[in-house]
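Undergrad: Can you read through this structure? Questions will come right after.
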Amino acid sequence: MADEIRAEMVANVWKVVASTGDTVAEGDTLVILESMKMEIPVVAENEGTVAELAVHEGDVVQEGDLIAIIQA
């Protein structure tokens, strides 16, 4: 089973914390977004392995854009 992590708002990708292949626990930060001078952490909703990381630092994401896929 795979979880898709998607952007909840328009934002800049300020920092990518996780890498493809990393094992993550529920609540681990994957990416930090920046919007209106606020930092918004994007966290894993379940434990698993980062199967895909769809963003890079400096990217702009729109609401609903894919950020990562976590494989259980």
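Residues in the structure tokens are numbered from 1 in each chain, the chains being A, B, ... in the order shown, and ligands are numbered from 1 in the order shown.
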Any idea what's packed within 8 Å of Val17 (chain A), counting only C-alpha atoms, ignoring anything in its chain fewer than 5 positions away? Could you give it as a ChimeraX atom specification?

TA: /A:29-32

Undergrad: Any idea what's packed within 7 Å of region 38-54 of chain A, counting only C-alpha atoms, ignoring anything in its chain fewer than 2 positions away? Could you give it as a list in words?

TA: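 That gives Ser19, Thr20, Gly21, Asp22, Thr23, Val24, Ala25, Glu26, Gly27, Asp28, Thr29, Leu30, Val31, Ile32, Leu33, Glu34, Ser35, Met36, Leu66, Ile67, Ala68, Ile69, Ile70, Gln71 and Ala72 of chain A.
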
Undergrad: List every residue of chain A that DSSP, applied to the backbone of this structure, assigns to strand (DSSP E), and report them as a ChimeraX atom specification.

TA: /A:2-6,11-16,23-24,29-35,38-43,48-53,60-61,66-71

Undergrad: Using only C-alpha atoms, can you tell me which of A:Ala18, A:Val61, A:Ile5, A:Ala11 comes closest to Lys37 (chain A)?

TA: A:Ala11
